[in-house]
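Structure file entry.csv; described as CSV, C-alpha atoms.
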```csv
chain,number,residue,atom,x,y,z
U,1,MET,CA,-21.5,-8.7,18.1
U,2,HIS,CA,-19.4,-6.8,15.6
U,3,LEU,CA,-20.5,-4.1,13.2
U,4,GLU,CA,-18.3,-4.6,10.2
U,5,LYS,CA,-17.9,-1.6,7.9
U,6,THR,CA,-16.6,-2.0,4.4
U,7,ALA,CA,-15.0,1.4,4.5
U,8,ILE,CA,-15.0,4.4,6.8
U,9,ASP,CA,-13.0,7.5,6.4
U,10,GLY,CA,-11.0,5.8,3.7
U,11,ASP,CA,-9.9,2.8,5.9
U,12,VAL,CA,-11.2,-0.7,6.3
U,13,CYS,CA,-12.1,-1.3,9.9
U,14,ASN,CA,-14.3,-3.2,12.3
U,15,ILE,CA,-16.4,-1.5,14.9
U,16,SER,CA,-17.4,-3.6,17.9
U,17,LEU,CA,-20.0,-3.0,20.6
U,18,ILE,CA,-17.2,-2.4,23.0
U,19,ASP,CA,-16.1,0.6,21.0
U,20,TYR,CA,-19.5,2.3,21.4
U,21,ILE,CA,-19.4,1.5,25.1
U,22,ILE,CA,-16.0,3.0,25.6
U,23,VAL,CA,-16.9,6.3,23.8
U,24,PHE,CA,-20.2,6.4,25.8
U,25,LEU,CA,-18.3,5.9,29.1
U,26,LEU,CA,-15.8,8.6,28.0
U,27,LEU,CA,-18.8,11.0,27.6
U,28,PHE,CA,-20.4,9.8,30.8
U,29,ILE,CA,-17.4,10.7,32.9
U,30,SER,CA,-17.0,14.0,31.0
U,31,GLY,CA,-20.0,15.7,32.7
U,32,ASN,CA,-22.8,13.4,33.7
U,33,PRO,CA,-23.9,14.6,37.2
U,34,ILE,CA,-24.2,11.0,38.4
U,35,SER,CA,-20.6,10.2,37.6
U,36,SER,CA,-19.5,13.3,39.6
U,37,LEU,CA,-21.0,11.7,42.7
U,38,SER,CA,-18.0,9.4,43.0
U,39,ASP,CA,-14.4,10.5,43.4
U,40,TRP,CA,-13.4,7.2,41.8
U,41,SER,CA,-15.1,7.5,38.4
U,42,TYR,CA,-11.9,8.4,36.5
U,43,ALA,CA,-9.8,5.7,38.3
U,44,LEU,CA,-12.5,3.1,37.6
U,45,ALA,CA,-12.7,4.0,34.0
U,46,CYS,CA,-8.9,3.9,33.7
U,47,VAL,CA,-8.8,0.4,35.1
U,48,LEU,CA,-11.5,-0.8,32.8
U,49,PHE,CA,-10.0,0.8,29.7
U,50,LEU,CA,-6.5,-0.5,30.6
U,51,PHE,CA,-8.0,-4.0,31.0
U,52,ILE,CA,-9.7,-3.8,27.6
U,53,ALA,CA,-6.5,-2.4,25.9
U,54,ILE,CA,-4.4,-5.3,27.3
U,55,ARG,CA,-7.1,-7.8,26.1
U,56,LYS,CA,-7.1,-6.2,22.6
U,57,ARG,CA,-3.3,-6.1,22.6
U,58,VAL,CA,-3.1,-2.4,21.7
U,59,PRO,CA,-0.2,-0.2,23.0
U,60,ILE,CA,-0.9,1.1,26.5
U,61,THR,CA,1.6,3.9,26.1
U,62,ASN,CA,3.8,5.8,23.6
U,63,ARG,CA,6.4,8.5,23.5
U,64,TYR,CA,3.8,11.2,22.6
U,65,LEU,CA,1.7,10.4,25.7
U,66,LEU,CA,4.8,10.3,27.9
U,67,GLY,CA,5.9,13.7,26.7
U,68,ILE,CA,2.5,15.2,27.6
U,69,LEU,CA,2.5,13.5,31.0
U,70,PHE,CA,6.0,14.9,31.6
U,71,ALA,CA,4.9,18.4,30.7
U,72,PHE,CA,2.0,18.1,33.3
U,73,ILE,CA,4.3,16.6,36.0
U,74,SER,CA,6.7,19.5,35.4
U,75,VAL,CA,3.9,22.1,35.9
U,76,PHE,CA,2.7,20.3,39.0
U,77,SER,CA,6.2,20.1,40.4
U,78,ALA,CA,6.5,23.9,39.9
U,79,HIS,CA,3.2,24.3,41.8
U,80,TYR,CA,4.8,22.5,44.8
U,81,LEU,CA,7.7,24.8,44.7
U,82,CYS,CA,5.9,28.1,44.2
U,83,LEU,CA,2.4,27.9,45.6
U,84,GLU,CA,1.4,27.8,49.3
U,85,ASN,CA,-1.4,25.2,48.8
U,86,VAL,CA,-1.6,22.4,46.3
U,87,SER,CA,-3.9,19.4,45.8
U,88,VAL,CA,-2.1,16.2,45.2
U,89,ASN,CA,-5.3,14.4,44.6
U,90,ALA,CA,-6.4,16.8,41.9
U,91,ASP,CA,-3.0,16.5,40.2
U,92,ILE,CA,-3.2,12.7,40.2
U,93,ASN,CA,-6.8,12.9,38.9
U,94,GLN,CA,-5.7,15.1,36.0
U,95,LEU,CA,-3.0,12.6,35.0
U,96,ILE,CA,-5.6,9.8,35.1
U,97,LYS,CA,-7.9,11.9,32.9
U,98,LEU,CA,-5.1,12.2,30.3
U,99,TYR,CA,-4.4,8.5,30.4
U,100,VAL,CA,-8.2,7.7,30.1
U,101,ALA,CA,-8.3,10.0,27.1
U,102,PHE,CA,-5.3,8.2,25.5
U,103,LEU,CA,-6.6,4.7,26.2
U,104,SER,CA,-10.1,5.4,24.7
U,105,THR,CA,-8.6,6.7,21.5
U,106,ILE,CA,-6.0,4.0,21.1
U,107,ILE,CA,-8.6,1.2,21.7
U,108,VAL,CA,-11.3,2.6,19.4
U,109,GLY,CA,-8.6,3.6,16.8
U,110,ILE,CA,-9.1,5.4,13.6
U,111,GLN,CA,-12.9,5.0,13.7
U,112,PHE,CA,-13.1,7.0,17.0
U,113,ARG,CA,-14.7,10.1,15.5
U,114,TYR,CA,-17.3,8.0,13.6
U,115,VAL,CA,-18.2,6.1,16.8
U,116,TYR,CA,-18.4,9.4,18.7
U,117,PHE,CA,-20.7,10.8,16.0
U,118,LYS,CA,-23.1,7.8,16.4
U,119,VAL,CA,-23.0,7.9,20.2
U,120,VAL,CA,-23.8,11.6,20.3
U,121,THR,CA,-26.6,11.1,17.8
U,122,PHE,CA,-28.0,8.4,20.0
U,123,LEU,CA,-27.9,10.6,23.0
U,124,SER,CA,-29.4,13.5,21.1
U,125,THR,CA,-32.3,11.4,19.9
U,126,ILE,CA,-33.1,10.4,23.5
U,127,SER,CA,-32.7,13.9,24.7
U,128,LEU,CA,-35.1,15.3,22.0
U,129,LEU,CA,-37.8,12.8,23.1
U,130,CYS,CA,-37.4,13.6,26.8
U,131,PHE,CA,-37.2,17.4,26.1
U,132,PHE,CA,-40.5,17.5,24.1
U,133,LEU,CA,-42.2,15.2,26.7
U,134,THR,CA,-41.1,17.5,29.5
U,135,LEU,CA,-42.3,20.5,27.4
U,136,LEU,CA,-45.7,18.9,26.9
U,137,LEU,CA,-46.2,17.3,30.4
U,138,GLY,CA,-44.5,20.0,32.5
U,139,ASP,CA,-43.1,17.4,34.9
U,140,PHE,CA,-40.0,15.3,34.8
U,141,PRO,CA,-39.4,12.0,36.7
U,142,GLY,CA,-36.0,10.9,37.7
U,143,ILE,CA,-33.3,10.5,40.4
U,144,VAL,CA,-32.6,13.7,42.3
U,145,VAL,CA,-28.9,14.1,42.0
U,146,ASP,CA,-28.5,17.5,43.8
U,147,GLU,CA,-30.5,20.7,44.2
U,148,ILE,CA,-30.5,21.5,40.5
U,149,HIS,CA,-30.4,18.1,38.7
U,150,LYS,CA,-32.9,15.3,38.1
U,151,SER,CA,-31.5,12.5,36.1
U,152,LEU,CA,-32.6,9.5,34.0
U,153,LEU,CA,-28.9,8.7,33.2
U,154,PHE,CA,-29.3,9.4,29.5
U,155,TYR,CA,-31.1,12.7,30.1
U,156,ASN,CA,-31.1,15.3,32.8
U,157,HIS,CA,-33.4,18.1,33.8
U,158,ILE,CA,-32.0,21.2,35.4
U,159,PHE,CA,-33.9,23.8,37.4
U,160,ILE,CA,-31.7,26.8,36.7
U,161,GLY,CA,-31.1,28.9,33.6
U,162,GLU,CA,-34.5,28.1,32.1
U,163,HIS,CA,-35.3,31.8,31.9
U,164,ASP,CA,-32.7,32.0,29.0
U,165,SER,CA,-35.1,29.8,26.9
U,166,PRO,CA,-38.1,31.1,25.1
U,167,VAL,CA,-40.0,27.8,25.8
U,168,GLY,CA,-39.1,27.7,29.5
U,169,ILE,CA,-36.7,24.7,29.5
U,170,ARG,CA,-33.4,23.9,27.9
U,171,ASN,CA,-32.0,20.6,26.7
U,172,CYS,CA,-28.8,19.5,28.5
U,173,GLY,CA,-28.8,15.9,27.4
U,174,MET,CA,-27.1,13.7,30.0
U,175,PHE,CA,-24.7,16.5,31.0
U,176,TRP,CA,-24.5,19.1,33.8
U,177,GLU,CA,-25.6,22.1,31.7
U,178,PRO,CA,-27.0,22.8,28.2
U,179,GLY,CA,-23.7,24.6,27.4
U,180,ALA,CA,-21.9,21.4,27.9
U,181,PHE,CA,-24.2,19.4,25.7
U,182,GLN,CA,-23.9,21.9,22.8
U,183,GLY,CA,-20.1,21.6,23.1
U,184,TYR,CA,-20.2,17.8,22.7
U,185,ILE,CA,-22.6,18.1,19.7
U,186,ASN,CA,-20.6,20.8,18.0
U,187,LEU,CA,-17.5,18.6,18.5
U,188,VAL,CA,-19.1,16.1,16.1
U,189,PHE,CA,-19.2,18.7,13.4
U,190,LEU,CA,-15.7,19.9,14.2
U,191,LEU,CA,-14.2,16.4,13.9
U,192,TYR,CA,-15.6,16.3,10.3
U,193,ILE,CA,-15.0,19.9,9.4
U,194,LYS,CA,-12.8,19.1,6.4
U,195,ASP,CA,-15.3,16.7,4.8
U,196,PHE,CA,-18.5,17.7,6.4
U,197,MET,CA,-20.5,17.8,3.1
U,198,SER,CA,-19.6,14.2,2.4
U,199,LEU,CA,-20.8,13.2,5.9
U,200,TYR,CA,-24.0,15.1,5.4
U,201,LYS,CA,-24.7,13.4,2.0
U,202,SER,CA,-24.5,10.0,3.8
U,203,TYR,CA,-26.2,11.0,7.1
U,204,LYS,CA,-28.7,13.7,6.5
U,205,ARG,CA,-31.1,12.4,9.1
U,206,GLU,CA,-28.4,12.1,11.8
U,207,ILE,CA,-27.1,15.6,11.0
U,208,TRP,CA,-30.5,17.1,11.3
U,209,ILE,CA,-31.1,15.4,14.6
U,210,LEU,CA,-27.9,16.9,15.9
U,211,ILE,CA,-28.8,20.4,14.6
U,212,ILE,CA,-32.3,20.3,16.1
U,213,THR,CA,-30.9,19.1,19.4
U,214,LEU,CA,-28.3,21.9,19.3
U,215,ILE,CA,-31.1,24.4,18.8
U,216,THR,CA,-33.0,23.0,21.9
U,217,THR,CA,-30.0,23.7,24.1
U,218,PHE,CA,-30.6,27.5,23.6
U,219,SER,CA,-26.9,28.0,24.2
U,220,THR,CA,-25.4,31.3,23.1
U,221,THR,CA,-22.0,29.8,22.8
U,222,GLY,CA,-23.4,26.8,20.9
U,223,TYR,CA,-25.1,29.0,18.3
U,224,ILE,CA,-22.0,31.1,17.9
U,225,VAL,CA,-19.8,28.0,17.5
U,226,PHE,CA,-22.1,26.4,14.9
U,227,GLY,CA,-22.3,29.7,13.0
U,228,VAL,CA,-18.5,30.0,12.9
U,229,PHE,CA,-18.2,26.3,11.9
U,230,LEU,CA,-20.6,26.8,9.0
U,231,LEU,CA,-18.6,29.9,7.9
U,232,PHE,CA,-15.4,27.8,7.8
U,233,VAL,CA,-17.1,25.0,5.8
U,234,ILE,CA,-18.5,27.5,3.3
U,235,LEU,CA,-15.1,29.3,2.9
U,236,GLY,CA,-13.3,26.0,2.6
U,237,SER,CA,-15.6,24.9,-0.2
U,238,ILE,CA,-14.9,28.0,-2.3
U,239,ARG,CA,-11.6,28.2,-4.2
U,240,ASN,CA,-12.1,31.6,-5.9
U,241,VAL,CA,-10.7,34.3,-3.6
U,242,VAL,CA,-13.2,37.0,-4.8
U,243,LEU,CA,-16.1,34.7,-4.2
U,244,ARG,CA,-14.8,33.7,-0.9
U,245,ILE,CA,-14.6,37.3,0.3
U,246,PHE,CA,-18.1,38.0,-1.0
U,247,ALA,CA,-19.5,34.9,0.7
U,248,PHE,CA,-17.8,35.9,3.9
U,249,VAL,CA,-19.2,39.4,3.9
U,250,ILE,CA,-22.8,38.2,3.1
U,251,TYR,CA,-22.7,35.4,5.7
U,252,VAL,CA,-21.4,37.8,8.4
U,253,LEU,CA,-24.1,40.4,7.7
U,254,ILE,CA,-26.9,37.8,7.7
U,255,THR,CA,-25.6,36.2,10.9
U,256,LEU,CA,-25.4,39.5,12.7
U,257,LEU,CA,-28.9,40.4,11.6
U,258,PHE,CA,-30.3,37.2,13.2
U,259,PHE,CA,-28.0,37.4,16.2
U,260,PHE,CA,-28.9,40.8,17.4
U,261,ASN,CA,-32.6,40.3,16.9
U,262,ILE,CA,-32.8,37.3,19.2
U,263,ASP,CA,-32.8,38.4,22.9
U,264,PHE,CA,-31.0,35.4,24.4
U,265,LEU,CA,-28.2,35.8,21.9
U,266,GLY,CA,-27.3,39.5,21.2
U,267,GLY,CA,-29.0,40.7,24.3
U,268,LYS,CA,-27.1,38.2,26.5
U,269,VAL,CA,-23.7,39.1,25.0
U,270,GLU,CA,-24.5,42.8,25.4
U,271,SER,CA,-25.4,42.4,29.0
U,272,GLN,CA,-22.3,40.4,29.7
U,273,TYR,CA,-20.1,43.1,28.1
U,274,GLU,CA,-21.8,45.8,30.2
U,275,GLU,CA,-21.2,43.7,33.3
U,276,SER,CA,-17.5,43.3,32.4
U,277,GLN,CA,-17.1,47.1,32.4
U,278,VAL,CA,-17.9,47.4,36.1
U,279,ILE,CA,-16.2,44.4,37.6
U,280,LYS,CA,-13.9,45.0,40.6
U,281,ASN,CA,-11.3,42.7,42.1
U,282,GLU,CA,-13.4,42.0,45.2
U,283,GLY,CA,-16.4,40.9,43.1
U,284,ALA,CA,-17.1,37.6,41.4
U,285,ALA,CA,-18.4,37.6,37.8
U,286,SER,CA,-21.4,35.6,36.7
U,287,SER,CA,-20.7,35.9,33.0
U,288,ARG,CA,-18.2,34.4,30.6
U,289,ILE,CA,-16.6,37.8,29.8
U,290,GLY,CA,-16.6,38.9,33.4
U,291,SER,CA,-15.1,35.6,34.5
U,292,ALA,CA,-12.3,35.9,31.9
U,293,ILE,CA,-11.4,39.3,33.4
U,294,VAL,CA,-11.4,37.9,36.9
U,295,ALA,CA,-9.4,34.8,35.9
U,296,TRP,CA,-6.8,37.0,34.0
U,297,GLU,CA,-6.2,39.1,37.1
U,298,ASN,CA,-5.2,35.9,38.9
U,299,ILE,CA,-3.3,34.4,36.0
U,300,GLU,CA,-0.9,37.4,36.3
U,301,GLN,CA,0.3,36.0,39.7
U,302,HIS,CA,1.9,32.9,38.0
U,303,PRO,CA,1.4,33.2,34.2
U,304,TYR,CA,3.9,30.4,33.4
U,305,ILE,CA,2.8,27.7,35.7
U,306,GLY,CA,-0.7,28.7,36.7
U,307,ASN,CA,-2.2,28.6,40.2
U,308,GLY,CA,-3.2,25.0,40.5
U,309,TYR,CA,-6.6,23.5,41.2
U,310,LEU,CA,-7.4,24.9,44.7
U,311,VAL,CA,-9.8,27.8,44.6
U,312,LYS,CA,-8.0,29.7,47.3
U,313,GLU,CA,-4.9,29.7,45.2
U,314,ARG,CA,-6.6,30.4,41.9
U,315,TYR,CA,-8.6,33.4,43.2
U,316,LYS,CA,-6.2,35.0,45.7
U,317,LYS,CA,-6.9,38.4,44.1
U,318,SER,CA,-10.6,38.2,44.0
U,319,PHE,CA,-13.6,36.6,45.7
U,320,PHE,CA,-14.9,33.5,44.0
U,321,ASP,CA,-18.4,32.1,44.2
U,322,GLU,CA,-18.7,28.6,42.8
U,323,SER,CA,-22.3,29.2,42.0
U,324,THR,CA,-21.4,31.8,39.4
U,325,GLY,CA,-20.6,31.1,35.7
U,326,GLY,CA,-17.0,30.7,34.5
U,327,ASN,CA,-14.8,31.0,31.4
U,328,GLY,CA,-13.4,27.6,30.6
U,329,PHE,CA,-10.5,29.0,28.5
U,330,PHE,CA,-9.1,31.5,30.9
U,331,GLY,CA,-10.2,29.4,33.9
U,332,SER,CA,-8.0,26.5,32.7
U,333,MET,CA,-5.2,28.9,32.0
U,334,ASN,CA,-5.5,30.1,35.6
U,335,VAL,CA,-5.0,26.5,36.7
U,336,LEU,CA,-2.2,25.3,34.3
U,337,GLY,CA,-0.6,28.5,33.1
U,338,ILE,CA,-0.4,30.1,29.7
U,339,PRO,CA,2.3,27.8,28.2
U,340,MET,CA,0.4,24.6,28.9
U,341,ILE,CA,-2.8,25.9,27.2
U,342,LEU,CA,-0.7,27.1,24.2
U,343,ILE,CA,0.9,23.6,24.0
U,344,TYR,CA,-2.6,22.1,24.0
U,345,LEU,CA,-3.6,24.3,21.1
U,346,VAL,CA,-0.4,23.6,19.1
U,347,LEU,CA,-0.9,19.9,19.6
U,348,LEU,CA,-4.5,20.1,18.5
U,349,TYR,CA,-3.3,21.9,15.3
U,350,LYS,CA,-0.5,19.3,14.6
U,351,ASN,CA,-2.7,16.3,15.4
U,352,TYR,CA,-5.6,17.4,13.0
U,353,LYS,CA,-4.8,15.9,9.6
U,354,SER,CA,-6.0,18.4,7.0
U,355,SER,CA,-5.1,21.6,5.1
U,356,SER,CA,-3.8,24.6,7.1
U,357,LEU,CA,-7.2,26.3,6.7
U,358,PHE,CA,-9.2,23.5,8.3
U,359,LYS,CA,-6.5,22.9,10.9
U,360,LEU,CA,-6.6,26.5,12.0
U,361,SER,CA,-10.4,26.5,11.8
U,362,PHE,CA,-10.5,23.5,14.1
U,363,VAL,CA,-8.3,25.2,16.7
U,364,VAL,CA,-10.1,28.6,16.5
U,365,VAL,CA,-13.5,26.9,17.1
U,366,ILE,CA,-12.2,24.9,20.0
U,367,VAL,CA,-11.0,28.1,21.6
U,368,ILE,CA,-14.5,29.6,21.2
U,369,LEU,CA,-16.0,26.5,22.7
U,370,LEU,CA,-13.6,26.8,25.7
U,371,GLN,CA,-14.9,30.3,26.3
U,372,GLY,CA,-18.0,28.6,27.7
U,373,GLU,CA,-17.7,25.6,29.9
U,374,TYR,CA,-14.7,24.0,31.6
U,375,PHE,CA,-14.3,21.3,29.1
U,376,LEU,CA,-10.7,20.8,30.0
U,377,ASP,CA,-11.8,19.6,33.4
U,378,TYR,CA,-12.9,16.4,31.6
U,379,PRO,CA,-11.2,13.6,29.6
U,380,LEU,CA,-13.1,14.0,26.3
U,381,PHE,CA,-11.5,17.3,25.2
U,382,TRP,CA,-8.0,15.9,26.1
U,383,SER,CA,-8.7,12.9,23.8
U,384,LEU,CA,-8.5,15.4,20.9
U,385,LEU,CA,-4.8,15.3,21.3
U,386,PHE,CA,-4.7,11.5,20.6
U,387,ILE,CA,-7.4,10.9,18.0
U,388,LYS,CA,-6.2,9.2,14.8
U,389,TYR,CA,-7.5,10.7,11.6
U,390,PRO,CA,-7.6,8.8,8.2
U,391,LYS,CA,-4.7,9.1,5.8
U,392,VAL,CA,-7.1,9.4,2.9
U,393,ILE,CA,-10.0,11.9,2.8
U,394,MET,CA,-12.9,10.4,0.8
U,395,ASP,CA,-15.4,12.5,-1.1
U,396,SER,CA,-18.2,10.2,0.0
U,397,PHE,CA,-18.8,7.7,2.7
U,398,ASN,CA,-19.5,4.0,2.6
U,399,CYS,CA,-21.0,4.2,6.0
U,400,SER,CA,-24.4,2.7,5.3
U,401,SER,CA,-23.3,-0.9,4.4
U,402,TYR,CA,-23.2,-2.9,7.6
U,403,ASN,CA,-22.9,-6.7,8.0
U,404,ILE,CA,-24.0,-8.0,11.4
U,405,ILE,CA,-21.6,-10.7,12.6
U,406,ARG,CA,-22.6,-12.7,15.6
```
Once you've parsed the file, please lay out its structure as structure tokens.
Amino acid sequence: MHLEKTAIDGDVCNISLIDYIIVFLLLFISGNPISSLSDWSYALACVLFLFIAIRKRVPITNRYLLGILFAFISVFSAHYLCLENVSVNADINQLIKLYVAFLSTIIVGIQFRYVYFKVVTFLSTISLLCFFLTLLLGDFPGIVVDEIHKSLLFYNHIFIGEHDSPVGIRNCGMFWEPGAFQGYINLVFLLYIKDFMSLYKSYKREIWILIITLITTFSTTGYIVFGVFLLFVILGSIRNVVLRIFAFVIYVLITLLFFFNIDFLGGKVESQYEESQVIKNEGAASSRIGSAIVAWENIEQHPYIGNGYLVKERYKKSFFDESTGGNGFFGSMNVLGIPMILIYLVLLYKNYKSSSLFKLSFVVVIVILLQGEYFLDYPLFWSLLFIKYPKVIMDSFNCSSYNIIR
């Protein structure tokens, strides 16, 4: 079955069922607890995607990909020379993740972000149904994955962090944590940041499903990211400089008013800041801010190449408890070094096809997202380096006219 679209993002294209499956699998191996039960999930996905790419006769490599792989191999080689302990398996796994990210975007093509939007909307719809059923019934059936997760594949229930929610539970979708789910939802908005209003006009129902789902994650980072995203959308739609400054000031004042009057937002940030003031090297931090401080102390050992994937190398200067929270931005920098993370951000900027304001906005919001979860441990956020964007930005979408071809 093919879903033929007359126009999408300014380009004529066909979307097949396999495209939706590929994007779903990319999301599945980017944080579903069931996928983490196997050490072979990335390798299996790589083989499957490679087979599909060959069948569809799309390029299975290019110079851009090879350049990125060369940069990673150079960093890993430096690890072998400078570090006492390295993980060859983790290094190979990272290279496979990069290749999976590349293959998924090259197969799905220019309609990747639209397919991603539809898949995340589908997962959000299911999560809302399961979330409210759990809220009403107070019990959740499913496969026990580990001590904190029960799973129904498309939706998970977790038994920790629920005290951060005013209703007693949080929506984590099919991922390991609500903070992960909010990141993948917010990524939909980010991919359309330059023409979000056009998307909204054509897909009001879907956008509101995503927004309501985002609210049910009760994620501090998620709320902050969405707020910053809306700010950039508003500023980008105003051409008059004076009005833009006025809108900025009013928006910030209103946002701060709401933020500091909601306990799990302003109160949580304040408590994390206070914790960060008393952190010592021998202690592990359970907050994003505290984890950033601990990670930075270790980054200073090898700022250019990082400390690799092994915990005993990454946290030589401090005790590390895997049960505590982490900062995905500084944590990834601790693994790969400052230059590699800067390269990632520069490539994000160059790859995003838009005006300088929206390109910069995209990168800034990604950095905020990375302050939360370890998204760079998974293929999806690396796929942002390879996504193809339309050459023509449309004021409206023709996304409602489908012809079903069997």
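Using all atoms listed in the file, the smallest distance between any of U:Leu69, U:Ile343, U:Leu380, U:Ile368 and U:Thr220 comes from U:Ile368.
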request  = Just the residues within 7 Å of U:Ala295, please, counting all atoms listed in the file, with nothing from its chain fewer than 5 positions along; format it as number ranges by chain.
outcome  = U: 330-331, 334
Contacts of stretch 122-138 of chain U at 7 Å (all atoms listed in the file; same-chain gap of 2+ positions) as a PyMOL selection string = chain U and resi 118-120+140+154-155+171+173+209-210+213
message = One number please: atom CA of U:Gly308 to atom CA of U:Val335, in Å, one decimal.
response =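 So the two atoms, atom CA of U:Gly308 and atom CA of U:Val335, lie 4.5 Å apart.
Ranking U:Ala43, U:Leu243, U:Ile52, U:Val225 by their shortest atom-to-atom distance to U:Lys97, with only C-alpha atoms included, puts U:Ala43 first.
Using only C-alpha atoms for every distance, the candidate list U:Leu357, U:Ala71, U:Ile299, U:Leu256 yields U:Ala71 as the residue closest to U:Tyr344.
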